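Asks: Pasting in a structure now, in structure tokens, and then I'll have a few things to ask.
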Amino acid sequence: MAEPTINLGNGNWAGKSDNLLGYYKEGERFYKQEFTFSRSTSGTRVNSSGLIETAEILGNELVTNGTFSGVANGTDVVTLSGWGTYGSVTSRNIESEQLKLVSPSGTTNVGVVLSVSTTSGGLYRFTYSASGDLGINGIYIDAVGGYNTSTEQDITFTAPSSTTYIYFRTGANNGGTAYFDNISVKEAFQVNIPRVDYLNNSNGSLILEPQRTNAINYSNDYTLWSNTQFTINGNSITSPEGITNGTKIVPSTSNTDKYLDKGGFIRTSGQYITHTVYAKASGYNFLYLSNSASRLYAVYDLQQGLVIYNNSNGTDFNNHSASIELFGNGWYRCKLIGQAQSSTASYFRISCGITAINSSTSGLFQGDGTSGIEVYGSQVELNASYPTTLINTSGSSVTRNADACSLTNVADRIGQTEGTIYVDVNILSILGNEAIVGVNSGGYTNHATIQRVGNTIQFVRNSATQSGATIVTSSAINIGSHKIAIAYKSGDTACFLNGTQVSTTQTQTFTNGTLNTLRLGADAIGSIPINGLFNNAIIYSQRLSNTELATLTT
Amino acid sequence: MIFKKYEFTDKQWKTIRPTLYNKDDEGNETLIESINAIVEIGHICKAFDEEGECTDLSTKYSVDMLLNEEVESLEDYEVYPDPVGVHTFAGDDSLYLKAYCKMFPESVFCLIPESDEDLAE
């Protein structure tokens, strides 16, 4: 088979800390990708450890020797670069390459201060390890806030000025002996960072998603939801982020309805709404989700990973669906989707039950006072018929912008009179239309595009000889991974889907203007964006044989 | 990148919106070059009753935008709620604060306290 002229991902995406995205080839080295990627907001992904995180690239280390490597015992830390005095402490010396900070019991606002050169308004990640007497406000970042040294050792903050002062204190800012080590501050870049996702794929996939908004605020602070008969134990359990910011909700022992509501958004007639939450059994197994009580609702079994029941009332919602996806460590992402039939204020309701009661949207039973379910990361996406990755919110609704990925000025690597386009993509929705991959001349004038139209794959092109022509359309496909290829050449154009040729070999004349751009996940002008996970996209400057196409797409 | 918030009457937005998009023959829309992203928040509900119904709906149509460059034709419609209002772009709060503080440099949201041990409460 011919050598690819462009190979994105190679089925083994990888990122490097110096802001490169590429792929690893077994037994060989890291291959950088040259494409242009943009998304003018941050976004989340599942990392290679299986944990949800905001995708980010870290800049250079801004702390000089934060590990105190090679520093002699007994050295006063304020003699080291960046460190300064902060009130009267008993001692602040280096001991066994750690900072040992001792201050009298009961004293406040004493310790040491670390000054770091920052850019006002820039985002920074501050990490450290600590032991000994720790507590609330053991760390204070000037003009930012206080942090608990027991639980908050990985802090992202926005720098207030050109110098950021980080105060280290003992105990709960009330004296004692504390040890600090591995102190690091790095600028964090979260905008325009590609997201390689490892959920259900240890080789990684490139996430490309359309713009979406999480319409509810306080998506992970259930203490700020309207609460009827639940005890909310916030930040009490390990969440899908791998940190202690999950919430256990415990129904009361009263034999009355129990639910948590979050409103603040308006449903629009004719538009779909998608609701999601991560949930885990914790004494009780059944999760109830609904929009505005019994208007749209579903019941989930968090032990078996099943949707037990799903319905809508037909007047406020119809075209309902529900699904449950295993995330790992007992967590499931539970999804509830419906098409609104009226336009009015709505709320997202969460409840749980000791049994599955199909017609119920709230737990009407006596809790035992300790059993419940664990929840994390609620999301409501308006005008959305499928869910996308988690968008965290606090005091406002939040938008993640669309991912855009293209490779321009590569006419020499795209076959002009013949060629092959191949993509291995996990399709996450079969509603609406989306462009998967294509080559073009920088617009619609000349392009060859693979797109999904409803539940079919289409191969479309436009040129001086073929205006907006759909070359072939596949039979129905399902959500999931698909390997798709089009090999083009005048009089000999063939399309393959999952090892099988779609329709017959086409005999149209295939002439183009100069094809100079490869675009993933959108059409020639960046429209009809995809919601998909890309494992691989390959361009060959030759038309591969049908036998090779069958092999490639199998 | 610039983060701005706007309010329009419904009639104004109906007129202005098409000027912010390019449209192809098939009706597909792409933003004009000076705009990176638009989120139509719509009529903001200022108050809900106990049943969750909106009891105070703004008459203005709210829109948040990320701009690649200033758009002069939109300047008359800019609004500056206290940071960050009811909606933001993920990871871009500081961009709105920058625009807000350019307009209101003396706001409490914009004043950086002097570094002082007394602040370290």
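All residue names refer to the structure tokens as shown: chains lettered A, B, ... in order, residues numbered from 1 in each chain, ligands numbered from 1 in order.
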Contacts from chain B to chain A, 6 Å maximum, only C-alpha atoms: show me the residue list as a PyMOL selection string.
Replies: chain B and resi 53+86-91+94
Asks: For the residues selected in the previous step, produce a file with N, CA and C atoms as a CSV table (one decimal), in the first residue's frame.
Replies:
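See result_26.csv below for the written result:
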chain,number,residue,atom,x,y,z
B,53,GLU,N,-41.8,28.9,37.7
B,53,GLU,CA,-42.2,29.7,36.6
B,53,GLU,C,-41.6,31.1,36.7
B,86,VAL,N,-24.9,36.3,34.0
B,86,VAL,CA,-25.5,35.0,34.0
B,86,VAL,C,-24.9,33.9,33.2
B,87,HIS,N,-23.9,34.3,32.3
B,87,HIS,CA,-23.3,33.4,31.4
B,87,HIS,C,-21.8,33.7,31.2
B,88,THR,N,-21.0,32.7,30.9
B,88,THR,CA,-19.6,33.0,30.6
B,88,THR,C,-19.2,31.9,29.6
B,89,PHE,N,-18.0,32.2,29.0
B,89,PHE,CA,-17.3,31.2,28.1
B,89,PHE,C,-16.3,30.5,29.0
B,90,ALA,N,-16.2,29.2,28.9
B,90,ALA,CA,-15.4,28.4,29.8
B,90,ALA,C,-13.9,28.8,29.7
B,91,GLY,N,-13.4,29.2,30.9
B,91,GLY,CA,-12.0,29.6,31.0
B,91,GLY,C,-11.7,31.0,30.5
B,94,SER,N,-11.6,35.9,32.7
B,94,SER,CA,-10.7,37.0,32.8
B,94,SER,C,-10.8,38.0,31.6
Asks: Can you list, as a ChimeraX atom specification, every protein, DNA or RNA residue that comes within 12 Å of Glu78 (chain B) when you count only C-alpha atoms, leaving out same-chain residues fewer than 6 positions away?
Replies: /B:3-8,61-65,70-72,96,99-100,103
Asks: How far is it from CA of Tyr218 (chain A) to CA of Ala172 (chain A), in Å with one decimal?
Replies: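 Value for the CA of Tyr218 (chain A)-CA of Ala172 (chain A) distance: 26.9 Å.
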Asks: Record the distance separating CA of Ile357 (chain A) and CA of Ser269 (chain A), expressed in Å with one decimal.
Replies: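 If I compute the distance from CA of Ile357 (chain A) to CA of Ser269 (chain A), I get 28.4 Å.
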Asks: Can you pull out every residue within 8 Å of Asn73 (chain A), counting only C-alpha atoms, but drop anything in the same chain fewer than 6 positions away, and send it as a ChimeraX atom specification?
Replies: /A:93-97
Asks: Residues within 10 Å of region 18-24 of chain B, please, as JSON, numbers by chain. Count only C-alpha atoms; anything in the same chain fewer than 3 positions from it doesn't count.
Replies: {"A": [444, 525, 527], "B": [13, 14, 15, 27, 28, 29, 30, 31, 32, 33, 34, 35, 38, 71, 73]}
Asks: Can you spit out the residues from that selection as an mmCIF file, in the first residue's frame, using N, CA, C and O atoms?
Replies:
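Contents of out.cif, freshly written:
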data_model
loop_
_atom_site.group_PDB
_atom_site.id
_atom_site.type_symbol
_atom_site.label_atom_id
_atom_site.label_comp_id
_atom_site.auth_asym_id
_atom_site.auth_seq_id
_atom_site.Cartn_x
_atom_site.Cartn_y
_atom_site.Cartn_z
ATOM 1 N N TYR A 444 -16.301 26.114 -0.531
ATOM 2 C CA TYR A 444 -17.173 25.131 -1.164
ATOM 3 C C TYR A 444 -16.873 24.920 -2.655
ATOM 4 O O TYR A 444 -17.348 23.955 -3.249
ATOM 5 N N ILE A 525 -16.312 25.150 4.952
ATOM 6 C CA ILE A 525 -16.272 26.496 5.525
ATOM 7 C C ILE A 525 -16.393 26.466 7.049
ATOM 8 O O ILE A 525 -16.619 27.482 7.694
ATOM 9 N N SER A 527 -18.645 24.721 8.750
ATOM 10 C CA SER A 527 -20.024 24.568 9.189
ATOM 11 C C SER A 527 -20.328 23.091 9.467
ATOM 12 O O SER A 527 -19.476 22.237 9.284
ATOM 13 N N TRP B 13 -32.262 42.906 17.344
ATOM 14 C CA TRP B 13 -31.517 41.666 17.144
ATOM 15 C C TRP B 13 -31.888 41.004 15.820
ATOM 16 O O TRP B 13 -31.030 40.452 15.123
ATOM 17 N N LYS B 14 -33.159 41.078 15.454
ATOM 18 C CA LYS B 14 -33.597 40.494 14.196
ATOM 19 C C LYS B 14 -32.887 41.158 13.017
ATOM 20 O O LYS B 14 -32.569 40.513 12.012
ATOM 21 N N THR B 15 -32.606 42.438 13.151
ATOM 22 C CA THR B 15 -31.916 43.170 12.091
ATOM 23 C C THR B 15 -30.414 42.931 12.122
ATOM 24 O O THR B 15 -29.769 42.759 11.089
ATOM 25 N N GLY B 27 -27.798 27.679 3.049
ATOM 26 C CA GLY B 27 -28.292 28.231 4.314
ATOM 27 C C GLY B 27 -27.382 27.995 5.499
ATOM 28 O O GLY B 27 -27.719 28.361 6.627
ATOM 29 N N ASN B 28 -26.226 27.373 5.277
ATOM 30 C CA ASN B 28 -25.290 27.165 6.378
ATOM 31 C C ASN B 28 -24.669 28.493 6.798
ATOM 32 O O ASN B 28 -24.250 29.281 5.953
ATOM 33 N N GLU B 29 -24.606 28.720 8.107
ATOM 34 C CA GLU B 29 -24.079 29.982 8.625
ATOM 35 C C GLU B 29 -22.676 29.811 9.192
ATOM 36 O O GLU B 29 -22.398 28.816 9.869
ATOM 37 N N THR B 30 -21.823 30.777 8.907
ATOM 38 C CA THR B 30 -20.529 30.868 9.583
ATOM 39 C C THR B 30 -20.351 32.306 10.038
ATOM 40 O O THR B 30 -20.838 33.240 9.390
ATOM 41 N N LEU B 31 -19.667 32.489 11.147
ATOM 42 C CA LEU B 31 -19.506 33.836 11.706
ATOM 43 C C LEU B 31 -18.600 34.691 10.834
ATOM 44 O O LEU B 31 -17.682 34.176 10.185
ATOM 45 N N ILE B 32 -18.846 35.992 10.826
ATOM 46 C CA ILE B 32 -17.951 36.900 10.127
ATOM 47 C C ILE B 32 -16.600 36.893 10.835
ATOM 48 O O ILE B 32 -16.506 36.488 11.998
ATOM 49 N N GLU B 33 -15.559 37.341 10.150
ATOM 50 C CA GLU B 33 -14.198 37.157 10.657
ATOM 51 C C GLU B 33 -13.943 37.824 11.992
ATOM 52 O O GLU B 33 -13.129 37.366 12.786
ATOM 53 N N SER B 34 -14.620 38.938 12.277
ATOM 54 C CA SER B 34 -14.336 39.660 13.515
ATOM 55 C C SER B 34 -14.965 39.002 14.744
ATOM 56 O O SER B 34 -14.682 39.406 15.871
ATOM 57 N N ILE B 35 -15.794 37.996 14.537
ATOM 58 C CA ILE B 35 -16.468 37.345 15.666
ATOM 59 C C ILE B 35 -16.045 35.891 15.758
ATOM 60 O O ILE B 35 -16.047 35.161 14.778
ATOM 61 N N ILE B 38 -20.716 33.288 19.283
ATOM 62 C CA ILE B 38 -21.914 33.980 19.757
ATOM 63 C C ILE B 38 -22.752 33.006 20.573
ATOM 64 O O ILE B 38 -22.951 31.867 20.160
ATOM 65 N N VAL B 71 -16.062 45.291 17.298
ATOM 66 C CA VAL B 71 -17.066 45.452 16.248
ATOM 67 C C VAL B 71 -17.808 46.766 16.521
ATOM 68 O O VAL B 71 -18.636 46.857 17.432
ATOM 69 N N SER B 73 -20.099 48.420 15.064
ATOM 70 C CA SER B 73 -21.553 48.497 14.903
ATOM 71 C C SER B 73 -22.309 47.962 16.120
ATOM 72 O O SER B 73 -23.518 48.176 16.245
#
Asks: Here is a test: counting only C-alpha atoms, which residue of A:Thr388, A:Thr355, A:Thr361, A:Thr456 is nearest to Asn310 (chain A)?
Replies: A:Thr361
Asks: Go through A:Ala404, A:Leu206, A:Val375, A:Leu99 and flag the residue nearest Asn36 (chain B), using only C-alpha atoms for the distances.
Replies: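 Nearest candidate to Asn36 (chain B) out of A:Ala404, A:Leu206, A:Val375, A:Leu99: A:Ala404.
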Asks: Taking only region 225-279 of chain A into account, list the residues labelled strand (DSSP E or B) by DSSP (computed from the backbone), as a ChimeraX atom specification.
Replies: /A:226-228,230-237,246-251,256,259-267,272-279
Asks: Take the residues just selected and output them with N, CA and C atoms as a compact mmCIF listing (two decimals), in the first residue's frame.
Replies:
# COMPACT_ATOMS: atom_id res chain seq x y z
N SER A 226 -32.31 23.59 44.89
CA SER A 226 -33.51 23.57 45.72
C SER A 226 -33.68 22.17 46.29
N ASN A 227 -33.67 22.05 47.61
CA ASN A 227 -33.58 20.75 48.26
C ASN A 227 -34.86 20.42 49.03
N THR A 228 -35.44 19.29 48.69
CA THR A 228 -36.59 18.79 49.44
C THR A 228 -36.25 17.42 50.01
N PHE A 230 -33.47 16.03 51.42
CA PHE A 230 -32.18 15.36 51.26
C PHE A 230 -31.15 16.00 52.18
N THR A 231 -30.26 15.18 52.69
CA THR A 231 -29.04 15.70 53.31
C THR A 231 -27.96 15.70 52.25
N ILE A 232 -27.32 16.84 52.06
CA ILE A 232 -26.32 16.99 51.00
C ILE A 232 -24.93 16.95 51.64
N ASN A 233 -24.19 15.91 51.35
CA ASN A 233 -22.82 15.81 51.84
C ASN A 233 -21.87 16.18 50.70
N GLY A 234 -21.68 17.47 50.52
CA GLY A 234 -20.84 17.96 49.44
C GLY A 234 -19.38 17.68 49.70
N ASN A 235 -18.63 17.52 48.60
CA ASN A 235 -17.18 17.30 48.69
C ASN A 235 -16.82 16.20 49.70
N SER A 236 -17.59 15.12 49.64
CA SER A 236 -17.39 14.07 50.65
C SER A 236 -16.91 12.75 50.05
N ILE A 237 -16.96 12.62 48.73
CA ILE A 237 -16.57 11.35 48.13
C ILE A 237 -15.73 11.62 46.87
N GLY A 246 -16.98 14.99 44.95
CA GLY A 246 -18.27 14.39 44.67
C GLY A 246 -19.21 14.59 45.85
N THR A 247 -20.51 14.40 45.60
CA THR A 247 -21.52 14.66 46.63
C THR A 247 -22.33 13.39 46.88
N LYS A 248 -22.53 13.07 48.14
CA LYS A 248 -23.48 12.01 48.47
C LYS A 248 -24.76 12.66 48.94
N ILE A 249 -25.88 12.27 48.31
CA ILE A 249 -27.17 12.79 48.74
C ILE A 249 -27.91 11.67 49.46
N VAL A 250 -28.38 12.00 50.66
CA VAL A 250 -29.00 11.00 51.53
C VAL A 250 -30.45 11.40 51.79
N PRO A 251 -31.42 10.55 51.37
CA PRO A 251 -32.83 10.87 51.61
C PRO A 251 -33.14 10.89 53.10
N THR A 256 -41.90 11.12 52.77
CA THR A 256 -42.44 12.15 51.88
C THR A 256 -41.60 12.21 50.62
N TYR A 259 -36.47 15.31 46.54
CA TYR A 259 -35.85 15.65 45.26
C TYR A 259 -34.98 16.89 45.40
N LEU A 260 -34.06 16.99 44.42
CA LEU A 260 -33.23 18.19 44.26
C LEU A 260 -33.57 18.80 42.91
N ASP A 261 -33.82 20.10 42.87
CA ASP A 261 -34.18 20.77 41.62
C ASP A 261 -33.17 21.86 41.30
N LYS A 262 -32.89 21.99 40.02
CA LYS A 262 -32.10 23.14 39.56
C LYS A 262 -32.80 23.75 38.35
N GLY A 263 -33.26 24.96 38.51
CA GLY A 263 -33.95 25.66 37.42
C GLY A 263 -33.05 26.71 36.81
N GLY A 264 -33.69 27.76 36.31
CA GLY A 264 -32.92 28.86 35.74
C GLY A 264 -32.74 28.77 34.24
N PHE A 265 -33.43 27.84 33.59
CA PHE A 265 -33.34 27.76 32.13
C PHE A 265 -34.74 27.61 31.55
N ILE A 266 -34.85 27.91 30.30
CA ILE A 266 -36.16 27.91 29.63
C ILE A 266 -36.13 26.93 28.47
N ARG A 267 -37.09 26.02 28.43
CA ARG A 267 -37.17 25.11 27.28
C ARG A 267 -37.95 25.80 26.16
N TYR A 272 -34.81 20.04 21.29
CA TYR A 272 -34.44 18.97 22.22
C TYR A 272 -33.67 19.57 23.41
N ILE A 273 -33.81 18.93 24.56
CA ILE A 273 -32.98 19.24 25.73
C ILE A 273 -32.30 17.95 26.17
N THR A 274 -31.03 18.04 26.47
CA THR A 274 -30.28 16.89 26.96
C THR A 274 -29.83 17.14 28.39
N HIS A 275 -30.16 16.22 29.30
CA HIS A 275 -29.79 16.31 30.71
C HIS A 275 -28.83 15.17 31.02
N THR A 276 -27.78 15.45 31.76
CA THR A 276 -26.85 14.39 32.15
C THR A 276 -26.38 14.61 33.58
N VAL A 277 -26.02 13.52 34.22
CA VAL A 277 -25.38 13.59 35.54
C VAL A 277 -24.58 12.31 35.73
N TYR A 278 -23.44 12.42 36.39
CA TYR A 278 -22.69 11.24 36.80
C TYR A 278 -23.26 10.78 38.15
N ALA A 279 -23.53 9.49 38.26
CA ALA A 279 -24.14 8.99 39.50
C ALA A 279 -23.59 7.61 39.84
Asks: Write out as a ChimeraX atom specification the residues lying within 7 Å of Cys45 (chain B), counting only C-alpha atoms and excluding same-chain residues fewer than 6 positions away.
Replies: /B:54,56-58
Asks: Out of A:Ser49, A:Thr517, A:Ser481, A:Thr238, which residue has the shortest atom-to-atom distance to Ser205 (chain A) when counting only C-alpha atoms?
Replies: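 Residue with the minimum atom-to-atom distance to Ser205 (chain A): A:Ser481.
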Asks: Return as a ChimeraX atom specification the full set of residues in region 42-248 of chain A whose backbone-based DSSP assignment is helix (DSSP H, G or I).
Replies: /A:77-79,222-224
Asks: What is the CA of Asp10 (chain B) to CA of Ala340 (chain A) distance in Å?
Replies: 22.4 Å
Asks: Please identify all polymer residues within 7 Å of Thr67 (chain A), counting only C-alpha atoms, omitting same-chain residues fewer than 3 positions from it, and present them as a PyMOL selection string.
Replies: chain A and resi 97+181-183
Asks: Let me make sure I understand: among A:Asn60, A:Asn516, A:Ser312, A:Asn203, which one has the smallest atom-to-atom distance to Asp412 (chain A) if we use only C-alpha atoms?
Replies: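 Counting only C-alpha atoms, the residue closest to Asp412 (chain A) is A:Asn516.
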Asks: Tell me which of B:Ala37, B:Ile16, B:Pro105, B:Thr9 sits closest to Glu69 (chain B), counting only C-alpha atoms.
Replies: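 Selected residue with least distance to Glu69 (chain B): B:Ala37.
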Asks: Using only C-alpha atoms, which of the listed residues (A:Ile193, A:Ile243, A:Ile486, A:Leu544) sits closest to Leu58 (chain A)?
Replies: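 Smallest distance to Leu58 (chain A) is found for A:Ile193.
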Asks: With only C-alpha atoms as the counted atoms, please give the residues lying no more than 12 Å from Ala298 (chain A), apart from itself and same-chain residues fewer than 3 positions off, as a ChimeraX atom specification.
Replies: /A:275-276,286-291,293-295,301,306-313,320-324,334-338,348-352,356-362
Asks: Using the selection just defined, write its residues with C-alpha atoms as a CSV table (one decimal), in the first residue's frame.
Replies:
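Heads up, here's the output in result-v3.csv:
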chain,number,residue,atom,x,y,z
A,275,HIS,CA,-29.8,16.3,30.7
A,276,THR,CA,-26.9,14.4,32.2
A,286,PHE,CA,-32.1,3.7,41.7
A,287,LEU,CA,-31.7,7.2,40.3
A,288,TYR,CA,-34.6,9.3,39.1
A,289,LEU,CA,-34.0,12.1,36.6
A,290,SER,CA,-36.7,14.4,35.2
A,291,ASN,CA,-37.4,17.7,33.6
A,293,ALA,CA,-41.3,16.4,37.4
A,294,SER,CA,-43.4,14.0,35.3
A,295,ARG,CA,-43.1,15.9,32.0
A,301,ASP,CA,-30.4,1.1,38.0
A,306,LEU,CA,-29.6,-0.2,33.1
A,307,VAL,CA,-32.3,2.3,32.2
A,308,ILE,CA,-35.4,0.8,33.9
A,309,TYR,CA,-38.0,3.2,32.5
A,310,ASN,CA,-38.3,6.3,30.4
A,311,ASN,CA,-41.3,8.4,29.4
A,312,SER,CA,-42.7,11.8,28.7
A,313,ASN,CA,-46.2,13.2,29.0
A,320,HIS,CA,-37.9,11.0,24.8
A,321,SER,CA,-34.9,8.7,25.2
A,322,ALA,CA,-32.6,7.7,28.0
A,323,SER,CA,-29.3,5.9,28.3
A,324,ILE,CA,-26.6,5.0,30.8
A,334,CYS,CA,-27.0,9.0,33.0
A,335,LYS,CA,-28.6,10.8,30.1
A,336,LEU,CA,-32.2,12.0,29.6
A,337,ILE,CA,-33.3,13.6,26.3
A,338,GLY,CA,-36.6,14.9,25.1
A,348,PHE,CA,-33.7,19.6,36.2
A,349,ARG,CA,-34.7,17.2,39.0
A,350,ILE,CA,-32.6,14.5,40.6
A,351,SER,CA,-33.9,12.0,43.1
A,352,CYS,CA,-33.3,8.4,44.2
A,356,ALA,CA,-37.6,1.4,40.9
A,357,ILE,CA,-41.0,3.0,40.7
A,358,ASN,CA,-41.7,3.6,37.0
A,359,SER,CA,-44.3,6.4,37.3
A,360,SER,CA,-42.4,8.3,40.0
A,361,THR,CA,-39.9,11.2,39.6
A,362,SER,CA,-39.2,11.5,43.3
